[in-house]
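I have placed the structure first, in the form of structure tokens, so that the comments after it can refer back to it.
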Amino acid sequence: MFGLLNSTNDFWLIDSNFVGVMRFYKDKEHSDKSIAYMFIEEGIIMGIHGENPPLMKTRKKILIEEAKLLWQKLLDEGWQKTSKKW
């Protein structure tokens, strides 16, 4: 379901305007307690051409099933898989 898996096991989406970014990942430090959860970080690309470092704005923890539904919803709305941004 998730795509562009990298060595840190996180998954990234960028919106159709190439401004909004979301990172989906599991908590590595508390994997036993958080096995059914994923963290989602939301941020924005800074600068006209993304020349400045991105800014992470929020982080939340949700059930993996909810994360999968959100991932699919965002793809349906035009978000695209992308590479690591922060």
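Residues in the structure tokens are named by chain (A, B, ... in the order shown) and by number from 1 within that chain; ligands are numbered from 1 in the order shown.
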
### Message
I want to know what sits within 8 Å of Leu63 in chain A, based on only C-alpha atoms, with residues of the same chain fewer than 3 positions away left out; could you give that as a list of chain:residue names?
### Response
A:Ala36, A:Tyr37, A:Met38, A:Glu66, A:Ala67

### Query
If we count only C-alpha atoms, what is near range 15-25 of chain A at a cut-off of 7 Å, once residues fewer than 4 positions away on the same chain are taken out, given as an MDAnalysis selection string?
chainID A and resid 9:11 38:45 78:80

Quick one: residues within 9 Å of Pro53 in chain A, only C-alpha atoms, excluding same-chain residues fewer than 5 positions away - as a compact mmCIF listing (two decimals) with C-alpha atoms, in the first residue's frame?
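Result went into part24.txt, see below:
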```txt
# COMPACT_ATOMS: atom_id res chain seq x y z
CA ILE A 45 8.28 22.87 1.25
CA MET A 46 9.95 26.25 1.77
CA GLY A 47 11.02 28.63 -1.01
CA LYS A 85 12.12 15.58 2.58
CA TRP A 86 13.48 15.90 6.15
```

### Point-to-point distance in Å for CA of Ile14 in chain A and CA of Lys81 in chain A
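Separation between CA of Lys81 in chain A and CA of Ile14 in chain A: 6.4 Å.
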
### Test item, strand (DSSP E or B) assignment across range 4-78 of chain A, answer as a VMD selection string
chain A and resid 10 to 14 20 to 25 37 to 46 52 to 63
